[in-house]
>>> print(open('structure07.cif').read())   # mmCIF, C-alpha atoms
data_entry
#
loop_
_atom_site.label_atom_id
_atom_site.label_comp_id
_atom_site.auth_asym_id
_atom_site.auth_seq_id
_atom_site.Cartn_x
_atom_site.Cartn_y
_atom_site.Cartn_z
CA MET A 1 130.08 110.63 136.97
CA HIS A 2 133.72 109.65 136.73
CA GLU A 3 133.78 110.58 133.06
CA THR A 4 131.84 113.86 133.10
CA GLY A 5 131.89 115.10 136.68
CA ALA A 6 128.09 114.83 136.94
CA THR A 7 126.86 114.43 140.49
CA GLU A 8 123.83 112.90 142.20
CA ARG A 9 122.50 116.46 142.46
CA ASP A 10 122.66 116.80 138.67
CA PHE A 11 120.72 113.55 138.29
CA ALA A 12 118.20 114.90 140.79
CA LEU A 13 117.71 118.05 138.70
CA ALA A 14 116.57 115.84 135.81
CA ALA A 15 114.08 114.03 138.04
CA VAL A 16 112.77 117.35 139.34
CA ARG A 17 112.36 118.66 135.78
CA ASP A 18 110.47 115.54 134.72
CA ARG A 19 108.13 115.80 137.69
CA ARG A 20 107.51 119.49 137.10
CA ASN A 21 106.57 118.76 133.50
CA ALA A 22 103.99 116.21 134.67
CA VAL A 23 102.17 118.66 136.96
CA GLY A 24 98.70 119.19 135.58
CA SER A 25 98.99 116.31 133.13
CA SER A 26 95.81 114.31 132.71
CA HIS A 27 97.62 111.01 132.29
CA ALA A 28 100.92 111.19 134.18
CA ALA A 29 101.37 108.81 137.10
CA LEU A 30 103.12 111.23 139.46
CA THR A 31 102.08 114.87 139.38
CA ARG A 32 103.14 116.22 142.78
CA PRO A 33 106.21 118.47 142.42
CA ILE A 34 109.42 117.29 144.09
CA THR A 35 112.64 118.99 145.10
CA VAL A 36 116.29 118.07 144.69
CA ASP A 37 116.37 117.26 148.40
CA ASP A 38 113.39 114.90 147.99
CA VAL A 39 115.36 112.98 145.35
CA LEU A 40 118.62 112.98 147.33
CA GLY A 41 116.78 111.81 150.45
CA SER A 42 114.80 109.02 148.80
CA PRO A 43 115.70 105.38 149.56
CA PRO A 44 118.87 104.16 147.81
CA LEU A 45 118.51 101.48 145.16
CA CYS A 46 121.95 100.98 143.59
CA THR A 47 124.49 103.74 144.16
CA PRO A 48 124.25 106.43 142.94
CA LEU A 49 120.59 105.91 142.05
CA LYS A 50 117.73 106.32 144.49
CA LEU A 51 114.01 105.68 144.37
CA LEU A 52 113.15 109.07 142.84
CA ASP A 53 115.83 108.60 140.15
CA ALA A 54 113.88 105.55 138.98
CA PRO A 55 110.82 105.24 136.73
CA VAL A 56 107.30 104.46 137.83
CA SER A 57 106.46 100.92 136.83
CA LEU A 58 102.80 100.50 136.04
CA ASP A 59 100.24 99.27 133.55
CA GLY A 60 99.28 101.42 130.61
CA ALA A 61 97.79 101.45 127.16
CA ALA A 62 98.28 103.65 124.12
CA ALA A 63 97.79 103.44 120.38
CA VAL A 64 99.25 105.23 117.41
CA VAL A 65 97.47 105.11 114.07
CA LEU A 66 99.75 105.12 111.06
CA VAL A 67 98.17 105.71 107.66
CA SER A 68 99.27 106.71 104.20
CA GLU A 69 99.31 110.36 103.18
CA ARG A 70 96.31 109.73 100.92
CA VAL A 71 94.22 108.42 103.81
CA ALA A 72 95.52 111.08 106.20
CA ARG A 73 94.24 113.80 103.88
CA THR A 74 90.71 112.37 104.08
CA LEU A 75 90.58 112.33 107.90
CA ASP A 76 89.25 115.07 110.12
CA VAL A 77 92.50 115.34 112.13
CA ARG A 78 95.59 117.42 111.79
CA PRO A 79 98.13 114.96 110.43
CA VAL A 80 101.63 114.66 111.80
CA TRP A 81 104.18 113.24 109.38
CA LEU A 82 106.79 110.59 110.09
CA THR A 83 109.67 112.05 108.11
CA GLY A 84 112.68 110.26 109.51
CA LEU A 85 113.50 106.95 111.16
CA GLY A 86 116.83 105.71 112.41
CA GLU A 87 117.80 102.52 114.19
CA TYR A 88 121.08 101.09 115.39
CA HIS A 89 121.76 97.99 117.44
CA ASP A 90 125.11 97.96 119.19
CA ASP A 91 126.47 94.48 119.84
CA SER A 92 126.78 94.88 123.56
CA SER A 93 124.00 95.10 126.09
CA PHE A 94 123.59 97.99 128.52
CA VAL A 95 127.20 98.09 129.67
CA PRO A 96 129.61 97.71 126.76
CA THR A 97 131.47 94.48 127.49
CA ASP A 98 132.69 93.69 123.98
CA GLY A 99 135.92 95.60 124.47
CA THR A 100 137.39 98.12 126.85
CA ASP A 101 137.30 101.15 124.59
CA LYS A 102 133.65 102.23 124.74
CA PRO A 103 132.61 104.62 127.52
CA ILE A 104 129.87 103.34 129.81
CA ALA A 105 128.32 106.81 130.04
CA GLY A 106 127.20 106.82 126.42
CA PHE A 107 125.30 104.77 123.89
CA VAL A 108 126.67 104.35 120.38
CA SER A 109 123.18 103.26 119.37
CA THR A 110 121.60 106.61 120.25
CA THR A 111 124.19 108.61 118.34
CA ARG A 112 123.91 106.47 115.20
CA ALA A 113 120.11 106.20 115.22
CA THR A 114 119.69 109.95 115.73
CA ALA A 115 122.03 110.78 112.86
CA GLU A 116 120.20 108.38 110.55
CA ALA A 117 116.76 109.74 111.44
CA LEU A 118 117.85 113.37 110.95
CA GLU A 119 119.44 112.53 107.61
CA GLN A 120 116.32 110.78 106.40
CA ALA A 121 114.20 113.76 107.42
CA GLY A 122 116.67 116.10 105.76
CA ILE A 123 117.02 118.26 108.83
CA GLY A 124 119.61 119.06 111.47
CA LEU A 125 119.51 118.79 115.23
CA ASP A 126 118.90 122.55 115.45
CA ASP A 127 115.59 122.05 113.65
CA VAL A 128 114.22 119.87 116.45
CA ASP A 129 111.80 121.85 118.64
CA VAL A 130 110.99 119.19 121.25
CA ALA A 131 112.23 115.70 122.16
CA GLU A 132 110.91 112.74 124.11
CA ILE A 133 113.64 110.37 125.20
CA TYR A 134 113.58 106.89 126.70
CA ALA A 135 115.43 107.54 129.95
CA PRO A 136 114.53 104.89 132.53
CA PHE A 137 116.77 106.45 135.17
CA SER A 138 117.69 110.06 135.83
CA SER A 139 121.29 109.39 134.82
CA HIS A 140 120.05 108.53 131.32
CA GLU A 141 118.42 111.98 131.16
CA LEU A 142 121.97 113.34 131.05
CA ILE A 143 123.57 110.70 128.84
CA ILE A 144 121.05 110.44 126.01
CA PRO A 145 120.78 114.13 124.94
CA GLU A 146 124.59 114.19 124.93
CA ASP A 147 124.68 111.04 122.77
CA MET A 148 122.32 112.78 120.35
CA GLY A 149 124.52 115.84 120.14
CA PHE A 150 122.17 118.39 121.69
CA PHE A 151 125.01 119.00 124.14
CA GLY A 152 128.64 117.99 124.26
CA ARG A 153 129.71 115.16 126.58
CA GLY A 154 129.10 116.40 130.10
CA GLY A 155 127.14 119.37 128.79
CA MET A 156 123.87 118.25 130.32
CA VAL A 157 125.13 119.31 133.74
CA GLU A 158 125.06 122.94 132.66
CA ALA A 159 121.93 122.42 130.55
CA LEU A 160 119.97 121.22 133.58
CA ALA A 161 121.33 123.98 135.80
CA THR A 162 120.35 126.67 133.30
CA GLY A 163 116.99 125.26 132.25
CA ALA A 164 118.01 124.55 128.66
CA THR A 165 115.82 121.42 128.56
CA GLU A 166 112.76 122.99 130.23
CA ILE A 167 109.53 123.66 128.31
CA ALA A 168 110.71 127.19 127.45
CA GLY A 169 114.36 126.18 127.08
CA ARG A 170 116.56 125.70 124.03
CA ILE A 171 115.49 122.07 123.56
CA PRO A 172 112.57 120.95 125.74
CA ILE A 173 112.96 117.30 126.74
CA ASN A 174 110.35 114.93 128.17
CA THR A 175 107.66 117.56 128.33
CA ASP A 176 105.11 115.04 129.65
CA GLY A 177 107.27 113.98 132.61
CA GLY A 178 109.16 111.19 130.89
CA LEU A 179 109.49 107.69 132.25
CA LEU A 180 110.15 109.02 135.75
CA ALA A 181 106.89 110.96 136.19
CA ARG A 182 104.54 110.13 133.33
CA GLY A 183 105.23 106.47 134.03
CA HIS A 184 106.92 103.53 132.41
CA PRO A 185 104.72 100.64 131.30
CA TRP A 186 107.75 99.52 129.36
CA ALA A 187 106.32 98.21 126.09
CA VAL A 188 103.81 101.07 125.99
CA THR A 189 106.33 103.84 126.73
CA PRO A 190 107.39 104.38 123.09
CA PHE A 191 103.75 104.97 122.16
CA TYR A 192 103.32 107.46 125.02
CA GLU A 193 106.38 109.30 123.76
CA THR A 194 105.09 109.35 120.20
CA ILE A 195 101.67 110.61 121.31
CA THR A 196 103.28 113.41 123.30
CA ILE A 197 105.24 114.59 120.28
CA VAL A 198 102.12 114.38 118.11
CA ARG A 199 100.24 116.48 120.67
CA GLN A 200 103.09 118.98 120.83
CA ILE A 201 103.03 119.40 117.06
CA ARG A 202 99.25 119.73 117.11
CA GLY A 203 99.55 122.36 119.82
CA VAL A 204 97.32 120.58 122.34
CA MET A 205 99.77 119.94 125.20
CA GLY A 206 98.24 122.53 127.53
CA ALA A 207 100.61 123.75 130.23
CA SER A 208 103.47 121.71 128.74
CA GLN A 209 103.04 123.11 125.24
CA VAL A 210 106.25 124.12 123.51
CA GLU A 211 105.50 127.36 121.69
CA GLY A 212 105.44 126.85 117.93
CA ALA A 213 106.58 123.20 118.02
CA ARG A 214 106.71 121.91 114.49
CA THR A 215 109.42 119.25 114.53
CA GLY A 216 109.73 116.64 117.26
CA LEU A 217 112.05 113.77 118.02
CA VAL A 218 111.09 110.46 119.64
CA HIS A 219 113.87 108.29 121.05
CA THR A 220 113.12 104.79 122.20
CA GLU A 221 114.98 101.56 122.61
CA ALA A 222 115.02 97.81 122.49
CA GLY A 223 117.30 95.58 124.50
CA MET A 224 119.09 97.62 127.15
CA LEU A 225 119.44 100.98 125.40
CA ASN A 226 122.04 99.33 123.18
CA ASP A 227 119.35 99.27 120.47
CA ALA A 228 117.98 102.72 119.75
CA LEU A 229 115.10 103.77 117.53
CA VAL A 230 114.66 107.46 116.70
CA LEU A 231 111.70 109.00 114.90
CA ILE A 232 111.36 112.48 113.47
CA LEU A 233 107.79 113.75 113.42
CA GLN A 234 106.77 116.96 111.71
CA GLY A 235 103.69 119.07 111.19
CA ASP A 236 102.55 120.54 107.92
CA MET B 1 123.45 91.83 135.96
CA VAL B 2 123.38 88.72 133.83
CA ALA B 3 126.90 87.97 134.93
CA ALA B 4 125.89 88.03 138.57
CA THR B 5 123.34 85.25 138.16
CA PRO B 6 124.57 82.94 135.42
CA PRO B 7 122.96 79.61 134.67
CA ALA B 8 124.38 77.03 136.99
CA PRO B 9 125.78 74.09 135.03
CA SER B 10 126.85 71.13 137.11
CA ALA B 11 130.59 70.60 137.36
CA GLU B 12 130.00 67.06 136.10
CA ALA B 13 128.50 68.18 132.80
CA THR B 14 129.91 66.14 129.97
CA SER B 15 128.75 68.20 127.00
CA ALA B 16 131.46 70.45 125.61
CA SER B 17 129.38 73.55 124.88
CA PRO B 18 131.41 76.78 125.06
CA ALA B 19 129.51 77.88 128.16
CA GLU B 20 130.12 74.62 129.96
CA ALA B 21 133.80 74.69 129.08
CA PHE B 22 133.90 78.17 130.59
CA TRP B 23 132.26 77.08 133.85
CA ARG B 24 134.44 74.00 134.13
CA GLY B 25 137.51 76.18 133.59
CA LEU B 26 136.33 78.53 136.30
CA ALA B 27 135.91 75.61 138.72
CA ARG B 28 139.60 74.80 138.07
CA GLY B 29 140.50 78.43 138.79
CA GLU B 30 140.93 79.44 135.14
CA LEU B 31 139.16 82.31 133.41
CA LEU B 32 138.77 81.14 129.83
CA ALA B 33 138.45 83.17 126.69
CA GLN B 34 138.41 81.68 123.19
CA ILE B 35 140.63 81.91 120.18
CA CYS B 36 139.41 81.18 116.67
CA ARG B 37 141.47 78.45 115.02
CA SER B 38 140.53 79.87 111.67
CA CYS B 39 141.32 83.60 111.96
CA ARG B 40 143.08 83.74 115.36
CA GLN B 41 140.59 86.32 116.66
CA ARG B 42 140.28 86.12 120.44
CA CYS B 43 136.92 86.68 122.11
CA PHE B 44 135.24 86.82 125.49
CA PRO B 45 132.79 85.73 126.84
CA ALA B 46 132.39 82.22 125.45
CA ARG B 47 130.28 81.84 122.34
CA SER B 48 129.58 79.20 119.75
CA ARG B 49 131.04 81.07 116.78
CA CYS B 50 133.83 83.51 116.12
CA PRO B 51 132.37 87.07 116.10
CA ASP B 52 134.79 87.95 113.31
CA CYS B 53 134.71 85.10 110.75
CA LEU B 54 131.78 83.05 112.15
CA SER B 55 133.86 79.88 112.32
CA ALA B 56 132.65 77.36 114.91
CA ASP B 57 136.20 76.09 115.35
CA LEU B 58 137.10 77.81 118.61
CA ASP B 59 139.68 76.85 121.16
CA GLU B 60 139.82 77.83 124.83
CA VAL B 61 142.61 80.11 125.96
CA PRO B 62 143.15 81.07 129.62
CA LEU B 63 143.24 84.72 130.63
CA SER B 64 145.25 86.13 133.50
CA GLY B 65 142.04 86.87 135.39
CA ARG B 66 143.41 90.31 136.14
CA GLY B 67 141.84 93.62 135.35
CA ASP B 68 141.19 97.18 136.44
CA LEU B 69 138.06 98.31 138.21
CA HIS B 70 136.12 100.41 135.70
CA SER B 71 133.09 101.15 137.87
CA TRP B 72 131.12 99.73 140.77
CA THR B 73 127.78 100.01 142.53
CA LEU B 74 126.45 99.16 145.96
CA VAL B 75 123.23 97.26 145.31
CA ARG B 76 120.64 97.69 148.03
CA ARG B 77 117.63 96.54 146.03
CA GLY B 78 118.89 93.52 144.15
CA GLY B 79 117.74 90.82 141.83
CA ARG B 80 115.94 87.73 142.96
CA GLU B 81 118.08 85.16 144.77
CA MET B 82 120.63 87.85 145.61
CA GLU B 83 121.02 88.73 149.25
CA THR B 84 121.38 92.51 149.61
CA PRO B 85 123.34 94.61 150.00
CA TYR B 86 126.16 93.51 147.73
CA VAL B 87 128.77 95.32 145.71
CA LEU B 88 129.00 94.80 141.95
CA GLY B 89 132.13 95.67 140.05
CA LEU B 90 132.69 96.22 136.34
CA ILE B 91 136.25 95.51 135.25
CA ASP B 92 138.32 96.00 132.14
CA LEU B 93 140.07 92.67 131.54
CA ALA B 94 143.84 93.06 131.42
CA GLU B 95 144.03 91.51 127.95
CA GLY B 96 141.68 94.22 126.60
CA LEU B 97 139.23 91.60 125.35
CA GLY B 98 136.26 93.02 127.16
CA ARG B 99 134.66 93.77 130.46
CA LEU B 100 133.11 91.63 133.13
CA VAL B 101 130.49 92.36 135.80
CA ALA B 102 130.60 90.42 139.07
CA PRO B 103 130.08 90.80 142.81
CA ILE B 104 133.16 92.00 144.66
CA ALA B 105 133.94 89.54 147.44
CA GLY B 106 134.94 90.79 150.86
CA VAL B 107 133.70 94.34 150.41
CA GLU B 108 130.69 94.93 152.62
CA GLY B 109 128.19 97.75 152.17
CA ALA B 110 129.47 101.18 153.09
CA ALA B 111 133.09 99.96 153.05
CA ALA B 112 132.86 100.16 149.26
CA GLU B 113 133.26 103.95 149.37
CA VAL B 114 136.46 103.56 151.35
CA LEU B 115 138.01 100.52 149.70
CA LEU B 116 137.18 100.95 146.04
CA ARG B 117 138.87 103.26 143.57
CA ILE B 118 138.22 103.39 139.87
CA GLY B 119 141.24 101.97 138.06
CA MET B 120 142.44 99.84 140.97
CA PRO B 121 143.66 96.33 140.15
CA VAL B 122 141.26 93.44 140.74
CA ARG B 123 141.25 89.77 139.83
CA VAL B 124 138.52 87.36 138.92
CA GLY B 125 137.97 84.62 141.46
CA CYS B 126 135.82 81.55 141.75
CA ARG B 127 133.28 80.93 144.47
CA ARG B 128 130.45 78.52 145.16
CA ASP B 129 126.98 79.78 145.91
CA ALA B 130 124.69 78.36 148.60
CA ALA B 131 123.55 75.63 146.20
CA GLY B 132 127.14 74.65 145.40
CA ALA B 133 127.10 76.06 141.89
CA VAL B 134 130.26 77.66 140.50
CA ARG B 135 130.12 81.47 140.30
CA TYR B 136 132.71 84.05 139.57
CA CYS B 137 133.45 87.09 141.67
CA LEU B 138 136.02 89.84 141.93
CA ARG B 139 138.69 90.08 144.59
CA LEU B 140 140.87 93.00 145.52
CA ASP B 141 144.60 92.39 145.38
#
>>> encode(input="structure07.cif", output="structure tokens")
Amino acid sequence: MHETGATERDFALAAVRDRRNAVGSSHAALTRPITVDDVLGSPPLCTPLKLLDAPVSLDGAAAVVLVSERVARTLDVRPVWLTGLGEYHDDSSFVPTDGTDKPIAGFVSTTRATAEALEQAGIGLDDVDVAEIYAPFSSHELIIPEDMGFFGRGGMVEALATGATEIAGRIPINTDGGLLARGHPWAVTPFYETITIVRQIRGVMGASQVEGARTGLVHTEAGMLNDALVLILQGD
Amino acid sequence: MVAATPPAPSAEATSASPAEAFWRGLARGELLAQICRSCRQRCFPARSRCPDCLSADLDEVPLSGRGDLHSWTLVRRGGREMETPYVLGLIDLAEGLGRLVAPIAGVEGAAAEVLLRIGMPVRVGCRRDAAGAVRYCLRLD
């Protein structure tokens, strides 16, 4: 907030977007729409975050089946291809404490892992049609897309205000409600994210379908967001 | 958050592990960093090997304990064993070696908004918790 001028209201807009994306979902935990005022008026946890800026902690289960191209071609499903993978583990956990030069409103890991995944897939950020990001708190919904380069530092404030990350926006993010609304059974969350991108590429996301989605990005983490893993998934 | 609830070594510990040297230093009122005898790299917090050359030959070196407040939060829903609310500060150590997270002593609840300013000078202090274990905290000048 100090670094970008983002406010609690901006964080709330991310929580509202996530919840709206979960409306009508068959598997999201929270599907009742909320307003900015609902978020701002929810019980404080740690300033500036409040209850509705936080994820839903619950149990969950999910599975992703990874097979070779040869096997995929024999199956009666529309395959989605893993074309890029990037990973970077920064040597400082959650808040950079290994020096005084790194900003706390950014993750080196996300930037590096995203660049590596895009390079491996041979595409650019502009080619990504839809992204699922591991944002445990609404503030991360602003930080992570900026780390990736979808927006400049601080640019998510305008992006949220103008709907750039909505289903029909320039880069739809967390189209299934994300950790805040879909839910966050933490070790399962990366699989949920992957499944959502697979469903987007297959065109079976229903109300949350991104028109013509062909290339999707999955961002997940280990540690405390200081270790990022980014996948690029693509359709035929 | 790790910094707010460190392991609680006894002040009588005789082993000279880097962590124990740190806690014993704190009990004396010293905030200790390390300096590598091999490559002269300084590091904080205490560790068993130099992050630069991996030498295990590290010496303790006291820091000023001063720093600037980088950020803070008023914690209303806290970790186990922590009585809420409390205020956590993140400081940039004056020597530029790193940052440190700790409760800010003497700043109660809503007073944080009034008393705290990003960039203000703070110093690392020593306190004892209810069980008598040595903890560090931040104090305003």
>>> resolve_selection(input="structure07.cif", expression="the PyMOL selection byres ((chain B) within 7 of (chain A))", output="JSON, numbers by chain")
{"B": [73, 74, 75, 76, 77, 92, 96, 97, 98, 99, 100]}
>>> axis_aligned_box(input="structure07.cif", around="segment 178-189 of chain A", padding_each_side="8 Å", output="JSON")
{"center_x": 107.0, "center_y": 104.7, "center_z": 131.1, "size_x": 22.3, "size_y": 29.0, "size_z": 26.2}
>>> resolve_selection(input="structure07.cif", expression="the PyMOL selection byres ((chain A and resi 81-90) around 6)", output="VMD selection string")
chain A and resid 80 91 to 92 109 113 116 to 117 120 to 121 226 to 234
>>> residues_around(input="structure07.cif", residues="Ile195 of chain A", least_positions_apart="5", cutoff="9 Å", atoms="only C-alpha atoms", output="tab-separated table (two decimals) with C-alpha atoms, keeping the file's coordinate frame")
chain	number	residue	atom	x	y	z
A	62	ALA	CA	98.28	103.65	124.12
A	63	ALA	CA	97.79	103.44	120.38
A	64	VAL	CA	99.25	105.23	117.41
A	190	PRO	CA	107.39	104.38	123.09
A	200	GLN	CA	103.09	118.98	120.83
>>> residues_around(input="structure07.cif", residues="Pro79 of chain A", least_positions_apart="6", cutoff="9 Å", atoms="all atoms listed in the file", output="compact mmCIF listing (two decimals) with C-alpha atoms, keeping the file's coordinate frame")
# COMPACT_ATOMS: atom_id res chain seq x y z
CA GLU A 69 99.31 110.36 103.18
CA ALA A 72 95.52 111.08 106.20
CA ARG A 73 94.24 113.80 103.88
CA VAL A 198 102.12 114.38 118.11
CA ARG A 202 99.25 119.73 117.11
CA GLN A 234 106.77 116.96 111.71
CA GLY A 235 103.69 119.07 111.19
CA ASP A 236 102.55 120.54 107.92
>>> atom_distance(input="structure07.cif", atom1="atom CA of Thr165 of chain A", atom2="atom CA of Ala115 of chain A")
20.0 Å
>>> atom_distance(input="structure07.cif", atom1="atom CA of Val101 of chain B", atom2="atom CA of Val87 of chain B")
10.5 Å
>>> closest_residue(input="structure07.cif", among="B:Pro103, B:Leu58, B:Phe44, B:Glu83", to="Leu31 of chain B", atoms="all atoms listed in the file")
B:Phe44
>>> residues_around(input="structure07.cif", residues="Gly206 of chain A", least_positions_apart="3", cutoff="12 Å", atoms="all atoms listed in the file", output="PyMOL selection string")
chain A and resi 21-26+167+175-176+196+199-203+209-211
>>> atom_distance(input="structure07.cif", atom1="atom CA of Arg17 of chain A", atom2="atom CA of Val65 of chain A")
29.6 Å
>>> resolve_selection(input="structure07.cif", expression="the PyMOL selection byres ((chain B and resi 102) around 7)", output="count of residues only")
12
>>> closest_residue(input="structure07.cif", among="A:Ala28, A:Leu75, A:Val157, A:Val108", to="Phe11 of chain A", atoms="all atoms listed in the file")
A:Val157
>>> closest_residue(input="structure07.cif", among="B:Ser64, B:Arg24, B:Leu69, B:Ser17", to="Ser48 of chain B", atoms="all atoms listed in the file")
B:Ser17
>>> residues_around(input="structure07.cif", residues="Ala46 of chain B", least_positions_apart="4", cutoff="8 Å", atoms="all atoms listed in the file", output="PyMOL selection string")
chain B and resi 18-19+22+32-34
>>> write_last_selection(input="structure07.cif", atoms="C-alpha atoms", output="mmCIF file, keeping the file's coordinate frame")
data_model
loop_
_atom_site.group_PDB
_atom_site.id
_atom_site.type_symbol
_atom_site.label_atom_id
_atom_site.label_comp_id
_atom_site.auth_asym_id
_atom_site.auth_seq_id
_atom_site.Cartn_x
_atom_site.Cartn_y
_atom_site.Cartn_z
ATOM 1 C CA PRO B 18 131.410 76.780 125.060
ATOM 2 C CA ALA B 19 129.510 77.880 128.160
ATOM 3 C CA PHE B 22 133.900 78.170 130.590
ATOM 4 C CA LEU B 32 138.770 81.140 129.830
ATOM 5 C CA ALA B 33 138.450 83.170 126.690
ATOM 6 C CA GLN B 34 138.410 81.680 123.190
#
>>> residues_near_point(input="structure07.cif", point="(137.2, 81.2, 136.4)", cutoff="6 Å", atoms="only C-alpha atoms", output="NGL selection string")
:B and (25-26 or 29-31 or 126)
>>> residues_around(input="structure07.cif", residues="Val134 of chain B", least_positions_apart="5", cutoff="7 Å", atoms="only C-alpha atoms", output="number ranges by chain")
B: 8, 23, 27, 126-129
